[in-house]
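Take a look at the structure set out below.
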Amino acid sequence: MTSSSDRSGASANSISKPVIEFRGVEYRLADGSQLLANFHLAIESGETMVLLGRSGAGKTTALKLINRLLEPTAGQVFVEGRGTLEWDPIALRRHIGYVIQETGLFPHYTVEENIGVTPRLEGWDRARIRHRAEELLALVGLDPRAYLERYPHELSGGQRQRVGLARALAADPPVLLMDEPFGALDPLTRVEVRQEFKQLQSRLQKTVVIVTHDIAEAVDLGTRIALLEAGEIRSVHAAGKFLQSDEPLAAAYVAQIRALQPEGEAS
Amino acid sequence: MSLARYFAQHGSEILQSTGEHLWLTVVTMLLAVGIGVPLGILVARRPWSSKPILGGANIAETIPSLALFGFLLPLPWLGARGDRIAVAALTLYALLPIIRNTAAGIKSIDPAVREAALGMGMTGRQILWRVEMPLAFPTILAGIRVATVWTIGIATIAAAVGAGGLGEYIFRGLAMVDNNVILAGAIPAAVLALLADLLLGLLERRVRPERRKSRRPRPTWSGTGTAVAAGVVLIALFASVGLAGCGGDRAGTVVVGSKNFPEQALLGEILAQEIENRAHLRVVRKFYLAGTFICQQALLAGRIDTYVEYTGTALTAILKDPIEQDPAAVFSKVRQQYQQRFNLSVLPPLGFNNTFAIVIRGEDARRLHLTTISEAAQYTPHWRAAFGYEFMGRPDGYAGFVSTYGLKFAGAPKILDLGLLYRALLDREVDLVAGNSTDGLLSARDLTVLQDDKRYFPPYQAVPIVRDETLARYPELRDAIAALAGKISDAEMQKMNYEVVAEHRDISQVAREFLRSNGLG
């Protein structure tokens, strides 16, 4: 655990017990095609685990197994030591923040109502929800007075993504799942929102799992990076050492991205 | 009388019918939404259910409304009351757009929204009520809007089964040969349809706050209200003007018509067989035309060549002359006027007199020792009465009847279709009805016809009416039809009606037997 030594000691006591753990997980569709195989991964408290890979590598499938939007066809996924199938799925999901690329903001709700969804389900009163929404908007860098009453269609892409993040954080879940959270944003906004998130995460110390195919994002945000290909984990790297890795797949991945990089930065 | 005056005179009555119409529509829509929305949700969630549910609703939509009303008539609880039948049939029609739009509205929700809802830990029910229903609501409302406008239009037909509403005027107007009466039903119905379309349209735009800036095209249904409204008025106008010119080429054939009740079909059939047997002409049968008005218009336009009319009806409803009591005088007047004004020949009477018959239960008649209408007058304030549309509107009908005998009833008389009058009487829903003196049930059930001791009802002798043009082309027709003169007595007509109505015997067979036994076949 190279990464944990960089950290403050706050999370040191939970190192022995992973918050999320995949044990020999397999996931097949009803037609028999295998999306995930022989999947082992332990994610520690407070770390940011990046699932990196191409489209179709199984990243999103792995993510959805954590909050039981999908159920493993073999093996088990543990959250806080309990198999996801033992959890009440509703309780499990309210315990985990979920951010997706398209944000999935409710178009018929204002920003405040969107952020208040989970708190309302948890029975918070109005004043507390309002206060929380204001607090979270400020946290993600949006002026509460200007945005609380707006509808999603009145926001820019970056603003929507920030609200999506605020909504996921509303009930203060210890775990955050993010599926290509910055994928729909233009390059400048993407970097901006990513930096904000990085600062936020250094304060909040959530256990985060991010799915991305963007190496820069992976290296920038991750504590560790799990490289996926064809439904299997090929290697796990400390984020700081990923670019220098001599593991063949990682090296090939880095080399390919490097070849594209000038173009990537130009766009 | 001008239309404006008719509206002014019958304002409160029309308003009440409009209220009934609205009530039918509201009850129908509540049921249709209550059934249709859950079915739509099922269709959206369970793909396998789409075919049976949407298929079923589609089939229901294709059943002609009058036929559907007919199918529901014999059902135990539903069939007992006209408004139940109407609401059931109308609900069935209203389902399709509601189911379809509910399913479409739910299916069109961005999958990311549903995934986010699920991922945040909403239960299935919470997703349905907090996310799916609100987002699908504008689309569902569009479906409800279409269904409501349809329902208002189709509900006019519900008057045929005694459900009341504005259709009553349309049916009554058709029977009475009076455009004003038809329009008294058609115009308020059209206005209702337009208002419903407008109000629901406004509501629909209101519930799309999140779309305020996105300038979507208006939903495609918005023309429905106008179309239905225009349709209702147009149909009424067409009916009142008479669709001319669809006679077509029919060399060597005679078209026999009849009004829309069994006795008329029987008479039409007797006429038809007689023409086939004696004049050896090919006969086309156009029976069950909707009332006196339609028959007269069809005859004038040449769509039919002959049908059997009743002298009293001809005198008052067609010629608009005052009522007279002497059968011979009425007949000669009708014959002369028809010849002069319409070029129609009125042939000698068939024999029987189908006048209105005031009917009560036999047990009441015996218990109270009643034989005449005058004797019954002292009891009628405690009786409920039911009459057909024609009786209510005709100059020789309700108004003159109650004033001649000084009758009062408990409450306003019920308006029922002819076929339902006796059932209502026998089921003790009402205590007095106006039937016809040749109704088959009169001899078969314990019913008593009260004598018209003040001779209020004019004679209604059955007479064949033929176009002069047709008689000129087929001179043999006159003798063939004239051979029927005086051959059908009241009792004979009652008997034949009973065979057809109560015993469900085939009309053509009953007609054939009658002709044979009278040496005519």
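If you're wondering about the labels, chains in the structure tokens are A, B, ... by order shown, residues count from 1 in each chain, ligands from 1 in order shown.
Using only C-alpha atoms, we find that the part of chain A lying within 8 Å of chain B comprises Asn67, Leu69, Pro89, Ile90, Ala91, Leu92, Arg93, Arg94, Ile96, Gly97, Tyr98, Val99, Ile100, Glu102, Thr103, Gly104, Leu105, Phe106, Pro107, His108, Thr118, Leu121, Tyr151, His153 and Ala168 of chain A.
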If you count only C-alpha atoms, which residues fall within 10 Å of Gln34 (chain A), apart from same-chain ones fewer than 3 positions away, as a ChimeraX atom specification? /A:26-31,37,58,73,230-231
Please dump the current selection as an mmCIF file, in the first residue's frame; keep C-alpha atoms.
data_model
loop_
_atom_site.group_PDB
_atom_site.id
_atom_site.type_symbol
_atom_site.label_atom_id
_atom_site.label_comp_id
_atom_site.auth_asym_id
_atom_site.auth_seq_id
_atom_site.Cartn_x
_atom_site.Cartn_y
_atom_site.Cartn_z
ATOM 1 C CA GLU A 26 -18.204 -13.151 -12.377
ATOM 2 C CA TYR A 27 -21.022 -11.475 -14.269
ATOM 3 C CA ARG A 28 -22.824 -13.003 -17.193
ATOM 4 C CA LEU A 29 -25.793 -11.816 -19.160
ATOM 5 C CA ALA A 30 -28.851 -14.030 -19.580
ATOM 6 C CA ASP A 31 -27.576 -14.947 -23.060
ATOM 7 C CA ALA A 37 -14.557 -12.789 -14.888
ATOM 8 C CA GLY A 58 -16.327 -4.103 -17.835
ATOM 9 C CA THR A 73 -23.642 -14.443 -11.221
ATOM 10 C CA ALA A 230 -12.106 -7.849 -21.503
ATOM 11 C CA GLY A 231 -13.790 -8.138 -18.132
#
Which residues are close to Ile187 (chain B), i.e. within 12 Å by only C-alpha atoms, leaving aside same-chain residues fewer than 2 positions away? Reply as a ChimeraX atom specification. /B:3-4,7,14-15,18,152-153,156,166-167,169-170,179-185,189-194,228-237
All residues 9 Å or closer to region 180-184 of chain A, only C-alpha atoms, same chain fewer than 5 positions away omitted, as a compact mmCIF listing (two decimals) with N, CA and C atoms, in the first residue's frame:
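This went into around_22.txt:
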# COMPACT_ATOMS: atom_id res chain seq x y z
N THR A 60 -18.02 -0.25 -16.02
CA THR A 60 -19.33 0.16 -15.50
C THR A 60 -20.05 -1.01 -14.84
N VAL A 99 -22.79 8.97 -9.11
CA VAL A 99 -22.73 10.04 -10.10
C VAL A 99 -22.49 9.41 -11.47
N ILE A 100 -23.37 9.76 -12.44
CA ILE A 100 -23.16 9.19 -13.78
C ILE A 100 -22.91 10.30 -14.79
N GLN A 101 -22.39 9.89 -15.94
CA GLN A 101 -21.95 10.86 -16.95
C GLN A 101 -23.07 11.78 -17.39
N GLU A 102 -24.28 11.20 -17.61
CA GLU A 102 -25.41 12.01 -18.09
C GLU A 102 -26.08 12.75 -16.94
N THR A 103 -25.53 12.65 -15.76
CA THR A 103 -26.00 13.23 -14.50
C THR A 103 -27.33 12.66 -14.01
N GLY A 157 -23.50 22.33 -18.98
CA GLY A 157 -23.06 20.97 -18.71
C GLY A 157 -22.25 20.86 -17.43
N GLY A 158 -21.31 21.79 -17.25
CA GLY A 158 -20.46 21.75 -16.06
C GLY A 158 -21.25 21.98 -14.79
N GLN A 161 -23.16 18.86 -13.92
CA GLN A 161 -22.30 17.84 -13.33
C GLN A 161 -22.00 18.16 -11.86
N GLY A 164 -24.98 17.30 -9.94
CA GLY A 164 -25.03 15.84 -9.83
C GLY A 164 -24.16 15.36 -8.69
N LEU A 165 -22.99 15.96 -8.58
CA LEU A 165 -22.07 15.59 -7.50
C LEU A 165 -22.64 15.98 -6.14
N THR A 189 -13.61 22.73 -19.23
CA THR A 189 -14.50 22.55 -18.08
C THR A 189 -14.15 21.27 -17.34
N ARG A 190 -13.80 20.22 -18.15
CA ARG A 190 -13.49 18.94 -17.55
C ARG A 190 -12.34 19.08 -16.56
N VAL A 191 -11.29 19.76 -16.98
CA VAL A 191 -10.12 19.92 -16.11
C VAL A 191 -10.50 20.75 -14.88
N VAL A 193 -13.53 21.17 -13.43
CA VAL A 193 -14.39 20.44 -12.49
C VAL A 193 -13.58 19.36 -11.78
N ARG A 194 -12.66 18.75 -12.55
CA ARG A 194 -11.84 17.69 -11.97
C ARG A 194 -10.98 18.23 -10.83
N ILE A 210 -13.96 5.48 -9.26
CA ILE A 210 -14.24 6.24 -10.47
C ILE A 210 -14.00 5.37 -11.69
N VAL A 211 -14.94 5.39 -12.61
CA VAL A 211 -14.76 4.70 -13.89
C VAL A 211 -14.35 5.75 -14.92
N THR A 212 -13.27 5.49 -15.67
CA THR A 212 -12.88 6.43 -16.72
C THR A 212 -12.05 5.71 -17.76
N HIS A 213 -11.96 6.33 -18.95
CA HIS A 213 -11.00 5.82 -19.93
C HIS A 213 -9.92 6.87 -20.18
N ASP A 214 -9.92 7.91 -19.33
CA ASP A 214 -9.02 9.04 -19.51
C ASP A 214 -7.82 8.90 -18.56
Going by DSSP on the backbone, which bits of region 179-237 of chain A are strand (DSSP E or B)? Write them as an NGL selection string, please. :A and (179 or 207-212 or 224-229 or 232-237)
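Picture a line from CA of Asn436 (chain B) to CA of Ala410 (chain B); it runs 22.6 Å.
Once Thr84 (chain A) and its same-chain neighbours fewer than 3 positions away are set aside, Ile20, Leu65, Ile66, Asn67, Arg68, Leu70, Glu71, Pro72, Gln76, Val77, Phe78, Val79, Glu80, Gly81, Trp87, Asp88, Pro89 and Leu92 of chain A remain within 10 Å of it when counting only C-alpha atoms.
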Next, dump the selected residues to file, keeping only N, CA and C atoms, as a PDB file, in the first residue's frame.
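Output contents, as saved in again_14.pdb:
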ATOM      1  N   ILE A  20     -14.778  -1.867   0.237  1.00  0.00           N
ATOM      2  CA  ILE A  20     -15.416  -2.604  -0.860  1.00  0.00           C
ATOM      3  C   ILE A  20     -14.480  -3.717  -1.275  1.00  0.00           C
ATOM      4  N   LEU A  65     -22.119  -3.360  -9.765  1.00  0.00           N
ATOM      5  CA  LEU A  65     -22.195  -4.489  -8.833  1.00  0.00           C
ATOM      6  C   LEU A  65     -22.050  -4.000  -7.392  1.00  0.00           C
ATOM      7  N   ILE A  66     -21.382  -2.832  -7.232  1.00  0.00           N
ATOM      8  CA  ILE A  66     -21.150  -2.334  -5.875  1.00  0.00           C
ATOM      9  C   ILE A  66     -22.451  -1.842  -5.241  1.00  0.00           C
ATOM     10  N   ASN A  67     -23.252  -1.080  -6.003  1.00  0.00           N
ATOM     11  CA  ASN A  67     -24.513  -0.621  -5.398  1.00  0.00           C
ATOM     12  C   ASN A  67     -25.686  -1.504  -5.811  1.00  0.00           C
ATOM     13  N   ARG A  68     -25.360  -2.695  -6.254  1.00  0.00           N
ATOM     14  CA  ARG A  68     -26.349  -3.732  -6.556  1.00  0.00           C
ATOM     15  C   ARG A  68     -27.381  -3.318  -7.594  1.00  0.00           C
ATOM     16  N   LEU A  70     -26.603  -4.274 -10.336  1.00  0.00           N
ATOM     17  CA  LEU A  70     -26.441  -5.598 -10.926  1.00  0.00           C
ATOM     18  C   LEU A  70     -26.068  -6.550  -9.798  1.00  0.00           C
ATOM     19  N   GLU A  71     -26.349  -7.840  -9.989  1.00  0.00           N
ATOM     20  CA  GLU A  71     -25.980  -8.832  -8.981  1.00  0.00           C
ATOM     21  C   GLU A  71     -25.031  -9.844  -9.608  1.00  0.00           C
ATOM     22  N   PRO A  72     -23.973 -10.220  -8.902  1.00  0.00           N
ATOM     23  CA  PRO A  72     -22.979 -11.132  -9.490  1.00  0.00           C
ATOM     24  C   PRO A  72     -23.589 -12.496  -9.785  1.00  0.00           C
ATOM     25  N   GLN A  76     -18.675 -12.893  -4.882  1.00  0.00           N
ATOM     26  CA  GLN A  76     -19.425 -11.977  -4.038  1.00  0.00           C
ATOM     27  C   GLN A  76     -18.778 -10.611  -4.015  1.00  0.00           C
ATOM     28  N   VAL A  77     -19.596  -9.593  -3.849  1.00  0.00           N
ATOM     29  CA  VAL A  77     -19.093  -8.241  -3.640  1.00  0.00           C
ATOM     30  C   VAL A  77     -19.441  -7.862  -2.204  1.00  0.00           C
ATOM     31  N   PHE A  78     -18.442  -7.384  -1.457  1.00  0.00           N
ATOM     32  CA  PHE A  78     -18.694  -6.989  -0.077  1.00  0.00           C
ATOM     33  C   PHE A  78     -18.625  -5.482   0.048  1.00  0.00           C
ATOM     34  N   VAL A  79     -19.579  -4.903   0.769  1.00  0.00           N
ATOM     35  CA  VAL A  79     -19.513  -3.487   1.112  1.00  0.00           C
ATOM     36  C   VAL A  79     -19.523  -3.409   2.630  1.00  0.00           C
ATOM     37  N   GLU A  80     -18.477  -2.818   3.172  1.00  0.00           N
ATOM     38  CA  GLU A  80     -18.292  -2.751   4.627  1.00  0.00           C
ATOM     39  C   GLU A  80     -18.428  -4.125   5.266  1.00  0.00           C
ATOM     40  N   GLY A  81     -17.843  -5.092   4.591  1.00  0.00           N
ATOM     41  CA  GLY A  81     -17.769  -6.425   5.160  1.00  0.00           C
ATOM     42  C   GLY A  81     -18.996  -7.291   4.933  1.00  0.00           C
ATOM     43  N   TRP A  87     -27.314  -7.166   1.908  1.00  0.00           N
ATOM     44  CA  TRP A  87     -27.834  -5.824   2.183  1.00  0.00           C
ATOM     45  C   TRP A  87     -29.264  -5.703   1.671  1.00  0.00           C
ATOM     46  N   ASP A  88     -30.052  -4.865   2.334  1.00  0.00           N
ATOM     47  CA  ASP A  88     -31.290  -4.401   1.696  1.00  0.00           C
ATOM     48  C   ASP A  88     -30.836  -3.457   0.584  1.00  0.00           C
ATOM     49  N   PRO A  89     -31.217  -3.743  -0.669  1.00  0.00           N
ATOM     50  CA  PRO A  89     -30.660  -2.948  -1.775  1.00  0.00           C
ATOM     51  C   PRO A  89     -30.923  -1.444  -1.613  1.00  0.00           C
ATOM     52  N   LEU A  92     -28.551  -0.094   0.975  1.00  0.00           N
ATOM     53  CA  LEU A  92     -27.205  -0.102   0.402  1.00  0.00           C
ATOM     54  C   LEU A  92     -27.008   1.114  -0.507  1.00  0.00           C
TER      55      LEU A  92
END
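Coordinates place CA of Pro381 (chain B) at a distance of 25.4 Å from CA of Gln9 (chain B).
CA of Pro459 (chain B) is positioned 27.0 Å from CA of Val255 (chain B).
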Which neighbours of Leu441 (chain B) fall inside 9 Å, counting only C-alpha atoms, when residues of the same chain fewer than 4 positions from it are skipped, and could you give them as a PyMOL selection string? chain B and resi 422+445-447+494-495+497-498+501-502
Could you go through region 144-174 of chain B and tell me which residues DSSP, when run on the backbone, assigns to helix (DSSP H, G or I), listing them as a list of chain:residue names? B:Ile144, B:Arg145, B:Val146, B:Ala147, B:Thr148, B:Val149, B:Trp150, B:Thr151, B:Ile152, B:Gly153, B:Ile154, B:Ala155, B:Thr156, B:Ile157, B:Ala158, B:Ala159, B:Ala160, B:Val161, B:Gly167, B:Glu168, B:Tyr169, B:Ile170, B:Phe171, B:Arg172, B:Gly173, B:Leu174
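Look at Ala44 (chain B): the protein and nucleic acid residues within 9 Å of it, using only C-alpha atoms and passing over chain neighbours fewer than 4 places away, are Leu39, Gly40, Ser49, Ser50, Thr102, Ala103, Ala104, Gly105, Ile106 and Lys107 of chain B.
Of the listed residues (B:Thr313, B:Thr28, B:Ser489, B:Thr148), B:Thr313 comes nearest to Glu390 (chain B); the distances count only C-alpha atoms.
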Of the listed residues B:Ile99, B:Ala301, B:Leu315, B:Val161, that which approaches Gly143 (chain B) most closely, counting only C-alpha atoms: B:Ile99
Return the single residue from B:Leu90, B:Gln325, B:Ala290, B:Leu22 that is closest to Ala196 (chain B), with distances computed using only C-alpha atoms. B:Leu22
